[in-house]
file input-v6.txt (compact mmCIF, C-alpha atoms and all ligand atoms)
# COMPACT_ATOMS: atom_id res chain seq x y z
CA MET A 1 112.80 122.00 100.02
CA SER A 2 109.14 121.29 99.45
CA GLN A 3 109.32 118.54 102.08
CA HIS A 4 109.20 121.19 104.77
CA THR A 5 105.80 122.63 103.98
CA HIS A 6 104.01 120.25 106.40
CA SER A 7 100.89 120.42 104.32
CA LEU A 8 100.76 117.00 102.63
CA PRO A 9 98.73 114.24 104.33
CA TYR A 10 100.99 111.23 103.60
CA ARG A 11 104.53 110.26 104.52
CA VAL A 12 106.87 107.79 102.85
CA LEU A 13 109.52 106.26 105.13
CA LEU A 14 112.67 104.79 103.60
CA TYR A 15 114.96 102.90 105.98
CA TYR A 16 117.27 99.95 106.53
CA LYS A 17 119.56 98.53 109.17
CA TYR A 18 122.11 95.75 109.20
CA VAL A 19 121.45 94.00 112.52
CA THR A 20 121.03 90.32 113.44
CA ILE A 21 117.46 89.06 112.94
CA ASP A 22 117.10 85.66 114.60
CA ASN A 23 114.04 84.36 112.80
CA PRO A 24 113.19 86.36 109.64
CA ILE A 25 110.12 84.20 108.86
CA GLU A 26 108.56 84.68 112.28
CA GLU A 27 109.62 88.33 112.32
CA SER A 28 107.93 88.95 108.96
CA LYS A 29 104.63 87.50 110.16
CA LYS A 30 104.63 89.60 113.33
CA HIS A 31 105.66 92.72 111.45
CA LEU A 32 102.95 92.30 108.81
CA LYS A 33 100.33 92.21 111.59
CA LEU A 34 101.77 95.40 113.04
CA CYS A 35 101.78 97.19 109.68
CA LEU A 36 98.23 96.09 108.85
CA SER A 37 97.00 97.25 112.25
CA LEU A 38 98.54 100.66 111.51
CA GLU A 39 97.04 100.62 107.99
CA LEU A 40 100.42 101.18 106.36
CA LYS A 41 101.23 100.15 102.79
CA GLY A 42 104.63 99.31 101.35
CA ARG A 43 107.34 96.66 101.21
CA ILE A 44 109.59 95.41 103.99
CA LEU A 45 112.22 92.68 103.87
CA PHE A 46 113.69 90.75 106.79
CA ALA A 47 116.89 88.74 106.40
CA PRO A 48 119.25 87.23 108.97
CA GLU A 49 121.44 90.30 108.31
CA GLY A 50 118.80 92.99 108.87
CA ILE A 51 115.75 94.92 107.68
CA ASN A 52 115.01 97.04 104.61
CA GLY A 53 111.74 98.89 104.12
CA THR A 54 109.70 101.54 102.39
CA VAL A 55 106.28 102.22 103.88
CA CYS A 56 103.63 104.83 103.28
CA GLY A 57 100.83 106.07 105.53
CA THR A 58 99.30 109.16 107.07
CA VAL A 59 101.34 111.41 109.38
CA GLU A 60 99.77 109.74 112.44
CA GLN A 61 100.25 106.19 111.14
CA THR A 62 103.89 106.70 110.21
CA ASN A 63 104.66 108.54 113.48
CA GLU A 64 103.23 105.62 115.43
CA TYR A 65 105.27 103.16 113.36
CA MET A 66 108.51 105.06 114.00
CA ARG A 67 107.71 105.26 117.72
CA ILE A 68 107.17 101.49 117.93
CA MET A 69 110.33 100.76 115.90
CA HIS A 70 112.52 103.07 117.99
CA ALA A 71 111.26 101.35 121.15
CA ASP A 72 112.73 98.06 119.85
CA PRO A 73 116.37 97.84 121.03
CA ARG A 74 117.41 96.41 117.63
CA PHE A 75 116.02 99.42 115.80
CA HIS A 76 116.42 102.15 118.43
CA ASP A 77 118.72 104.21 116.17
CA MET A 78 116.92 103.54 112.88
CA TRP A 79 117.30 106.46 110.46
CA PHE A 80 114.01 107.07 108.67
CA LYS A 81 114.26 109.20 105.55
CA ILE A 82 110.88 110.93 105.25
CA ASP A 83 109.11 112.24 102.16
CA GLU A 84 105.78 114.05 102.18
CA GLU A 85 103.32 112.97 99.52
CA PRO A 86 99.80 113.90 98.38
CA GLU A 87 98.63 110.27 98.37
CA HIS A 88 99.58 106.65 98.92
CA THR A 89 102.60 105.50 96.91
CA PHE A 90 101.86 101.79 97.34
CA ARG A 91 98.74 99.71 96.81
CA LYS A 92 99.44 96.88 99.25
CA MET A 93 101.48 95.90 102.29
CA PHE A 94 104.13 93.19 101.91
CA VAL A 95 106.54 91.91 104.54
CA ARG A 96 108.80 89.12 103.30
CA PRO A 97 111.61 86.98 104.65
CA LYS A 98 114.73 86.86 102.44
CA LYS A 99 118.14 85.21 102.50
CA GLU A 100 119.94 88.49 101.88
CA LEU A 101 118.84 92.13 102.07
CA VAL A 102 120.82 92.84 98.93
CA THR A 103 121.01 89.97 96.46
CA PHE A 104 124.75 89.67 95.95
CA ARG A 105 125.09 85.86 95.95
CA LEU A 106 128.81 85.90 96.71
CA SER A 107 130.39 82.55 97.45
CA GLU A 108 131.91 84.26 100.48
CA ASP A 109 129.53 86.93 101.75
CA VAL A 110 130.67 90.32 103.04
CA ASN A 111 129.42 91.60 106.37
CA PRO A 112 129.12 95.40 106.54
CA LEU A 113 129.01 95.18 110.34
CA GLU A 114 132.58 93.90 110.29
CA LYS A 115 134.07 96.09 107.58
CA THR A 116 132.58 98.61 105.18
CA GLY A 117 133.52 101.81 103.33
CA VAL A 118 134.07 105.05 105.26
CA TYR A 119 130.78 106.93 105.69
CA LEU A 120 130.63 110.40 104.17
CA GLN A 121 127.98 112.88 105.27
CA PRO A 122 126.42 114.93 102.42
CA LYS A 123 128.76 117.93 102.83
CA GLU A 124 131.82 115.64 103.06
CA TRP A 125 130.65 113.85 99.92
CA PHE A 126 130.15 117.17 98.11
CA ASP A 127 133.69 118.28 99.09
CA MET A 128 135.23 114.94 98.13
CA MET A 129 133.61 115.21 94.69
CA GLN A 130 135.94 118.17 93.94
CA ASP A 131 139.01 115.92 94.46
CA PRO A 132 140.59 115.05 91.07
CA ASP A 133 141.82 111.67 92.29
CA ILE A 134 138.42 110.02 92.75
CA VAL A 135 136.33 107.45 90.92
CA ILE A 136 132.58 107.68 91.54
CA ILE A 137 130.77 104.37 91.28
CA ASP A 138 127.01 104.35 90.98
CA GLY A 139 126.01 101.38 93.17
CA ARG A 140 122.73 100.86 91.36
CA THR A 141 121.77 99.58 87.90
CA ASP A 142 121.93 101.06 84.41
CA TYR A 143 118.26 102.08 84.14
CA GLU A 144 118.42 103.88 87.49
CA TRP A 145 121.55 105.76 86.35
CA ASP A 146 119.75 106.83 83.15
CA LEU A 147 117.09 108.75 85.10
CA GLY A 148 119.61 110.58 87.28
CA HIS A 149 123.07 110.30 88.87
CA PHE A 150 125.93 112.25 90.40
CA LYS A 151 127.99 114.31 87.96
CA GLY A 152 130.86 112.20 86.66
CA ALA A 153 129.63 108.89 88.13
CA ILE A 154 130.43 105.77 86.11
CA ARG A 155 127.34 104.07 84.67
CA PRO A 156 127.32 100.43 85.77
CA SER A 157 126.25 98.42 82.75
CA ILE A 158 124.34 95.91 84.85
CA GLU A 159 120.67 95.08 85.27
CA SER A 160 120.86 93.55 88.72
CA PHE A 161 123.07 93.95 91.77
CA LYS A 162 124.47 90.43 91.61
CA GLU A 163 126.27 91.32 88.36
CA PHE A 164 128.52 93.78 90.21
CA PRO A 165 131.47 91.47 91.04
CA GLU A 166 132.00 90.60 87.37
CA TRP A 167 131.55 94.21 86.26
CA ILE A 168 134.06 95.43 88.88
CA GLU A 169 136.60 92.85 87.78
CA LYS A 170 136.28 93.93 84.14
CA ASN A 171 136.04 97.69 84.57
CA LEU A 172 137.66 98.84 87.80
CA SER A 173 140.78 96.72 88.20
CA ASP A 174 143.06 99.65 87.25
CA PHE A 175 141.65 101.92 89.93
CA LYS A 176 142.79 100.09 93.07
CA ASP A 177 144.88 103.04 94.28
CA LYS A 178 142.23 105.69 93.61
CA LYS A 179 139.69 106.99 96.08
CA MET A 180 136.51 105.05 95.34
CA LEU A 181 133.23 106.84 96.10
CA THR A 182 130.11 104.68 96.13
CA TYR A 183 126.48 105.74 96.42
CA CYS A 184 123.01 104.26 95.96
CA THR A 185 119.36 105.23 96.60
CA GLY A 186 119.23 105.06 100.40
CA GLY A 187 122.63 103.61 101.32
CA ILE A 188 121.85 99.90 101.81
CA ARG A 189 123.52 98.61 98.64
CA CYS A 190 126.73 100.58 99.23
CA GLU A 191 127.22 99.08 102.67
CA LYS A 192 127.86 95.81 100.84
CA LEU A 193 129.36 97.17 97.65
CA SER A 194 131.99 99.21 99.52
CA ALA A 195 132.73 96.21 101.77
CA TYR A 196 133.21 94.10 98.65
CA LEU A 197 135.57 96.67 97.06
CA LEU A 198 137.71 96.68 100.23
CA LYS A 199 137.83 92.90 100.12
CA GLN A 200 138.95 93.05 96.48
CA GLY A 201 141.97 95.15 97.46
CA PHE A 202 140.77 98.69 96.77
CA ASN A 203 142.63 100.89 99.26
CA GLU A 204 140.37 103.82 99.92
CA VAL A 205 136.63 103.23 99.73
CA TYR A 206 133.94 105.69 100.77
CA GLN A 207 130.14 105.54 100.80
CA LEU A 208 127.49 108.25 100.87
CA HIS A 209 125.68 107.81 104.18
CA GLY A 210 121.92 107.95 103.66
CA GLY A 211 122.32 107.63 99.90
CA ILE A 212 120.93 109.95 97.24
CA VAL A 213 117.66 110.39 99.13
CA GLY A 214 119.44 111.56 102.31
CA TYR A 215 121.68 113.82 100.22
CA GLY A 216 118.66 115.53 98.62
CA LYS A 217 117.27 116.37 102.06
CA ASP A 218 120.46 117.93 103.40
CA ALA A 219 119.86 121.64 104.03
CA GLU A 220 123.45 122.61 103.24
CA VAL A 221 124.18 120.83 99.93
CA LYS A 222 120.54 120.80 98.68
CA GLY A 223 121.27 117.96 96.29
CA ALA A 224 123.97 119.90 94.39
CA LEU A 225 125.90 118.00 91.67
CA PHE A 226 123.10 115.47 91.22
CA ASP A 227 121.87 115.52 87.60
CA GLY A 228 118.35 114.35 86.74
CA THR A 229 116.05 112.77 89.34
CA CYS A 230 116.25 109.67 91.53
CA TYR A 231 114.63 106.31 90.71
CA VAL A 232 112.48 104.91 93.54
CA PHE A 233 110.70 101.56 93.77
CA ASP A 234 107.14 102.70 94.33
CA GLU A 235 104.46 104.40 92.27
CA ARG A 236 106.32 107.70 92.22
CA VAL A 237 109.17 106.12 90.16
CA SER A 238 111.09 109.40 90.13
CA VAL A 239 111.76 111.89 92.95
CA PRO A 240 113.57 115.27 92.79
CA ILE A 241 116.96 115.50 94.54
CA ASN A 242 118.74 118.63 93.33
CA HIS A 243 117.09 121.74 94.81
CA THR A 244 119.67 124.22 93.50
CA GLU A 245 119.53 126.44 90.40
CA ASP A 246 121.60 123.86 88.56
CA ALA A 247 118.82 121.22 88.75
CA HIS A 248 117.93 119.80 85.33
CA LEU A 249 116.54 116.66 83.73
CA ILE A 250 118.93 114.44 81.75
CA SER A 251 116.39 112.08 80.18
CA HIS A 252 114.45 112.80 76.98
CA CYS A 253 111.22 111.57 75.38
CA VAL A 254 112.01 108.80 72.85
CA TYR A 255 109.63 110.45 70.36
CA CYS A 256 109.90 114.24 70.55
CA LYS A 257 113.17 114.51 72.56
CA THR A 258 111.70 116.94 75.13
CA PRO A 259 113.35 116.58 78.54
CA THR A 260 111.13 114.36 80.72
CA ASP A 261 111.46 112.13 83.78
CA SER A 262 108.28 110.26 82.88
CA TYR A 263 109.59 106.65 82.86
CA VAL A 264 106.94 104.30 81.47
CA ASN A 265 106.66 100.70 80.30
CA CYS A 266 105.94 100.09 76.63
CA GLY A 267 102.29 99.26 75.98
CA ASN A 268 103.25 96.42 73.62
CA PHE A 269 102.72 93.28 75.69
CA ASP A 270 105.70 91.57 73.99
CA CYS A 271 108.05 94.49 74.66
CA HIS A 272 107.19 96.19 77.95
CA ARG A 273 110.52 98.04 77.76
CA GLN A 274 110.90 100.86 80.24
CA HIS A 275 111.51 104.08 78.36
CA PHE A 276 111.28 107.85 78.72
CA GLN A 277 108.21 109.35 77.13
CA CYS A 278 106.48 112.69 77.66
CA LEU A 279 102.78 112.64 78.49
CA GLU A 280 101.74 114.06 75.14
CA CYS A 281 103.55 111.30 73.26
CA VAL A 282 102.24 108.67 75.70
CA ALA A 283 98.73 109.75 74.73
CA LYS A 284 99.57 109.91 71.00
CA THR A 285 101.30 106.51 70.76
CA ASN A 286 99.37 104.51 73.36
CA CYS A 287 102.56 104.45 75.39
CA SER A 288 104.60 102.65 72.71
CA CYS A 289 108.40 102.79 72.72
CA SER A 290 108.62 102.60 68.90
CA ASP A 291 106.47 102.64 65.75
CA THR A 292 106.79 98.85 65.54
CA CYS A 293 105.42 98.51 69.06
CA MET A 294 102.62 100.95 68.30
CA GLU A 295 101.41 98.69 65.49
CA SER A 296 101.69 95.52 67.54
CA PRO A 297 98.41 93.56 67.81
CA ARG A 298 99.20 92.56 71.39
CA HIS A 299 98.86 96.07 72.71
CA GLU A 300 97.83 96.17 76.33
CA TYR A 301 97.80 99.86 76.94
CA LYS A 302 94.41 101.53 77.14
CA PRO A 303 94.59 105.02 78.59
CA PRO A 304 94.14 105.88 81.35
CA PHE A 305 95.95 102.71 82.39
CA ASN A 306 95.48 103.24 86.08
CA ARG A 307 93.58 105.56 88.34
CA LYS A 308 96.80 107.15 89.53
CA PHE A 309 97.58 108.28 86.02
CA GLU A 310 96.69 111.88 86.70
CA SER A 311 98.81 112.21 89.80
CA TYR A 312 101.80 109.97 89.06
CA ARG A 313 101.51 109.39 85.32
CA ARG A 314 103.99 106.54 85.46
CA VAL A 315 104.10 102.89 86.34
CA PRO A 316 106.98 101.17 88.13
CA ARG A 317 109.10 98.91 86.00
CA ARG A 318 109.02 96.15 88.56
CA ASN A 319 107.00 95.79 91.67
CA GLN A 320 109.92 95.08 93.98
CA THR A 321 112.46 96.87 96.11
CA ALA A 322 116.03 97.63 95.21
CA ALA A 323 117.30 95.00 97.56
CA GLU A 324 115.69 92.20 95.60
CA LYS A 325 117.53 93.04 92.40
ZN ZN B 1 107.37 113.41 73.59
ZN ZN B 2 108.18 98.59 72.85
call {"tool": "encode", "arguments": {"input": "input-v6.txt", "output": "structure tokens"}}
result
Amino acid sequence: MSQHTHSLPYRVLLYYKYVTIDNPIEESKKHLKLCLSLELKGRILFAPEGINGTVCGTVEQTNEYMRIMHADPRFHDMWFKIDEEPEHTFRKMFVRPKKELVTFRLSEDVNPLEKTGVYLQPKEWFDMMQDPDIVIIDGRTDYEWDLGHFKGAIRPSIESFKEFPEWIEKNLSDFKDKKMLTYCTGGIRCEKLSAYLLKQGFNEVYQLHGGIVGYGKDAEVKGALFDGTCYVFDERVSVPINHTEDAHLISHCVYCKTPTDSYVNCGNFDCHRQHFQCLECVAKTNCSCSDTCMESPRHEYKPPFNRKFESYRRVPRRNQTAAEK
């Protein structure tokens, strides 16, 4: 994996933990000071049920952050998933208090610390995927699935996490005796989703520990059986997961149909639809998702639309983390 070259100056840390946070408002203020003093950028959420964060900084800055976090008894065992990057993947530093880490809005909440799906390590997940009696549930949203997903995973036709209960009721009710395999980007959403499935009477529920991102870093499976690339909520938008010979893109440019993982927002101010478009067509159409949008008078896109265009070439659909969806 390219992550092991130790030559890139920046690190992105992706992490979460369900643990009691007594005062999320106070905690957020203190934590913002810490992050600013370390010159980190990124987004961190505190809720009474825990912490969820993605931060970016230099090797020294992120090492110091992990050292300080691990010295806190609440976060002593925090698992940081680390990516190496050529430059910052965020522009600012946000630390915010929230009611929930994952916006589920259940009338009766589920607590993953009490009961959650059985954790599968990457190799266990890979082996379980060969079992014919499984149903693989993508614990994310439809537009994340479109960029990349595990082979055979059901596409959840939802735009935000809180739509899951209704979708499960409509689509999965016949599968209560099957082995349910759930996965998401880093693992945080499946802690709750798998807990919810258990509560709804599904018998055997599993979750991929460390999520897609952890799976892509595992030296043994090397991201095998993951098609396309993984959606992330920072300026990278898309990160590679499958490092085997079978790795391939599944998304195609809306104009010329070439395979591309360039996921951009339509330049028409009244549309702004996120769509796949290769860089050549982005340049040719002013980043429009259709001919109608190209002719729109309210066209906001003027290339290059941001200074990161050359290195990232994409803009995030929404400036928020997965947990807020
Ligand atoms: Zn194209
Ligand atoms: Zn459009």
call {"tool": "residues_around", "arguments": {"input": "input-v6.txt", "residues": "Pro156 in chain A", "least_positions_apart": "2", "cutoff": "9 Å", "atoms": "only C-alpha atoms", "output": "JSON, numbers by chain"}}
result
{"A": [137, 138, 139, 140, 141, 142, 145, 154, 158, 159, 164, 167, 168]}
call {"tool": "closest_atom_pairs", "arguments": {"input": "input-v6.txt", "of": "chain A", "to": "ligand ZN 2 (chain B)", "cutoff": "6 Å", "atoms": "all atoms listed in the file", "output": "CSV"}}
result
residue,atom,partner,partner_atom,distance
A:Cys266,CA,B:ZN2,ZN,4.6
A:Asn268,CA,B:ZN2,ZN,5.4
A:Cys271,CA,B:ZN2,ZN,4.5
A:His272,CA,B:ZN2,ZN,5.7
A:Arg273,CA,B:ZN2,ZN,5.5
A:Ser288,CA,B:ZN2,ZN,5.4
A:Cys289,CA,B:ZN2,ZN,4.2
A:Ser290,CA,B:ZN2,ZN,5.6
A:Cys293,CA,B:ZN2,ZN,4.7
call {"tool": "closest_residue", "arguments": {"input": "input-v6.txt", "among": "A:Ile51, A:Pro86, A:Gly267, A:Cys35", "to": "Tyr65 in chain A", "atoms": "only C-alpha atoms"}}
result
A:Cys35
call {"tool": "atom_distance", "arguments": {"input": "input-v6.txt", "atom1": "CA of Gly187 in chain A", "atom2": "CA of Ser157 in chain A"}}
result
19.6 Å
call {"tool": "closest_residue", "arguments": {"input": "input-v6.txt", "among": "A:Asp127, A:Glu295, A:Glu39, A:Glu280", "to": "Glu64 in chain A", "atoms": "all atoms listed in the file"}}
result
A:Glu39
call {"tool": "residues_around", "arguments": {"input": "input-v6.txt", "residues": "Leu34 in chain A", "least_positions_apart": "5", "cutoff": "12 Å", "atoms": "all atoms listed in the file", "output": "VMD selection string"}}
result
chain A and resid 27 to 29 39 to 41 44 61 to 62 64 to 66 68 to 69 93 to 95
call {"tool": "closest_atom_pairs", "arguments": {"input": "input-v6.txt", "of": "chain A", "to": "ligand ZN 1 (chain B)", "cutoff": "7 Å", "atoms": "all atoms listed in the file", "output": "Markdown table"}}
result
| residue | atom | partner | partner_atom | distance |
| --- | --- | --- | --- | --- |
| A:Cys253 | CA | B:ZN1 | ZN | 4.6 |
| A:Val254 | CA | B:ZN1 | ZN | 6.6 |
| A:Tyr255 | CA | B:ZN1 | ZN | 4.9 |
| A:Cys256 | CA | B:ZN1 | ZN | 4.0 |
| A:Lys257 | CA | B:ZN1 | ZN | 6.0 |
| A:Thr258 | CA | B:ZN1 | ZN | 5.8 |
| A:Gln277 | CA | B:ZN1 | ZN | 5.5 |
| A:Cys278 | CA | B:ZN1 | ZN | 4.2 |
| A:Leu279 | CA | B:ZN1 | ZN | 6.8 |
| A:Glu280 | CA | B:ZN1 | ZN | 5.9 |
| A:Cys281 | CA | B:ZN1 | ZN | 4.4 |
call {"tool": "atom_distance", "arguments": {"input": "input-v6.txt", "atom1": "CA of Thr89 in chain A", "atom2": "CA of Ala153 in chain A"}}
result
28.6 Å
call {"tool": "atom_distance", "arguments": {"input": "input-v6.txt", "atom1": "CA of Gln207 in chain A", "atom2": "CA of Glu100 in chain A"}}
result
19.9 Å
call {"tool": "closest_residue", "arguments": {"input": "input-v6.txt", "among": "A:Cys184, A:Leu120, A:Val282, A:Ala247", "to": "Tyr206 in chain A", "atoms": "all atoms listed in the file"}}
result
A:Leu120
call {"tool": "closest_residue", "arguments": {"input": "input-v6.txt", "among": "A:Lys115, A:Lys81, A:His275, A:Lys199", "to": "Thr185 in chain A", "atoms": "all atoms listed in the file"}}
result
A:Lys81
call {"tool": "residues_around", "arguments": {"input": "input-v6.txt", "residues": "Cys230 in chain A", "least_positions_apart": "6", "cutoff": "8 Å", "atoms": "all atoms listed in the file", "output": "VMD selection string"}}
result
chain A and resid 144 147 to 149 185 212 to 213 238 to 241
call {"tool": "closest_residue", "arguments": {"input": "input-v6.txt", "among": "A:Pro97, A:Leu38, A:Asp22, A:Val59", "to": "Arg74 in chain A", "atoms": "only C-alpha atoms"}}
result
A:Asp22
call {"tool": "residues_around", "arguments": {"input": "input-v6.txt", "residues": "Ser251 in chain A", "least_positions_apart": "5", "cutoff": "7 Å", "atoms": "all atoms listed in the file", "output": "list in words"}}
result
Asp146, Leu147, Pro259, Thr260, Asp261 and Phe276 of chain A
call {"tool": "residues_around", "arguments": {"input": "input-v6.txt", "residues": "Asp174 in chain A", "least_positions_apart": "5", "cutoff": "12 Å", "atoms": "only C-alpha atoms", "output": "list of chain:residue names"}}
result
A:Val135, A:Ile168, A:Glu169, A:Lys179, A:Met180, A:Gly201, A:Phe202
call {"tool": "decode", "arguments": {"input": "input-v6.txt", "residues": "range 246-260 of chain A", "atoms": "N, CA and C atoms", "output": "mmCIF file, in the first residue's frame"}}
result
data_model
loop_
_atom_site.group_PDB
_atom_site.id
_atom_site.type_symbol
_atom_site.label_atom_id
_atom_site.label_comp_id
_atom_site.auth_asym_id
_atom_site.auth_seq_id
_atom_site.Cartn_x
_atom_site.Cartn_y
_atom_site.Cartn_z
ATOM 1 N N ASP A 246 -7.608 -6.896 -8.829
ATOM 2 C CA ASP A 246 -9.020 -6.811 -9.188
ATOM 3 C C ASP A 246 -9.596 -5.393 -9.019
ATOM 4 N N ALA A 247 -8.778 -4.460 -8.530
ATOM 5 C CA ALA A 247 -9.263 -3.095 -8.269
ATOM 6 C C ALA A 247 -9.749 -2.440 -9.561
ATOM 7 N N HIS A 248 -10.949 -1.849 -9.521
ATOM 8 C CA HIS A 248 -11.445 -1.139 -10.701
ATOM 9 C C HIS A 248 -12.492 -0.111 -10.283
ATOM 10 N N LEU A 249 -12.639 0.925 -11.109
ATOM 11 C CA LEU A 249 -13.652 1.935 -10.838
ATOM 12 C C LEU A 249 -15.006 1.421 -11.309
ATOM 13 N N ILE A 250 -16.084 1.852 -10.645
ATOM 14 C CA ILE A 250 -17.426 1.426 -11.066
ATOM 15 C C ILE A 250 -18.259 2.616 -11.541
ATOM 16 N N SER A 251 -17.721 3.822 -11.375
ATOM 17 C CA SER A 251 -18.479 5.019 -11.750
ATOM 18 C C SER A 251 -17.963 5.560 -13.081
ATOM 19 N N HIS A 252 -18.858 6.190 -13.846
ATOM 20 C CA HIS A 252 -18.521 6.650 -15.200
ATOM 21 C C HIS A 252 -18.931 8.103 -15.417
ATOM 22 N N CYS A 253 -18.154 8.800 -16.208
ATOM 23 C CA CYS A 253 -18.435 10.197 -16.571
ATOM 24 C C CYS A 253 -19.821 10.300 -17.218
ATOM 25 N N VAL A 254 -20.640 11.243 -16.747
ATOM 26 C CA VAL A 254 -21.997 11.385 -17.294
ATOM 27 C C VAL A 254 -21.984 11.754 -18.780
ATOM 28 N N TYR A 255 -20.873 12.368 -19.240
ATOM 29 C CA TYR A 255 -20.816 12.779 -20.647
ATOM 30 C C TYR A 255 -20.219 11.719 -21.551
ATOM 31 N N CYS A 256 -18.952 11.326 -21.282
ATOM 32 C CA CYS A 256 -18.252 10.457 -22.232
ATOM 33 C C CYS A 256 -18.197 9.005 -21.778
ATOM 34 N N LYS A 257 -18.731 8.720 -20.573
ATOM 35 C CA LYS A 257 -18.824 7.347 -20.050
ATOM 36 C C LYS A 257 -17.482 6.700 -19.691
ATOM 37 N N THR A 258 -16.379 7.465 -19.709
ATOM 38 C CA THR A 258 -15.102 6.894 -19.250
ATOM 39 C C THR A 258 -15.203 6.623 -17.761
ATOM 40 N N PRO A 259 -14.582 5.520 -17.290
ATOM 41 C CA PRO A 259 -14.563 5.290 -15.845
ATOM 42 C C PRO A 259 -13.842 6.438 -15.129
ATOM 43 N N THR A 260 -14.467 6.968 -14.082
ATOM 44 C CA THR A 260 -13.838 8.051 -13.303
ATOM 45 C C THR A 260 -14.383 8.044 -11.884
#
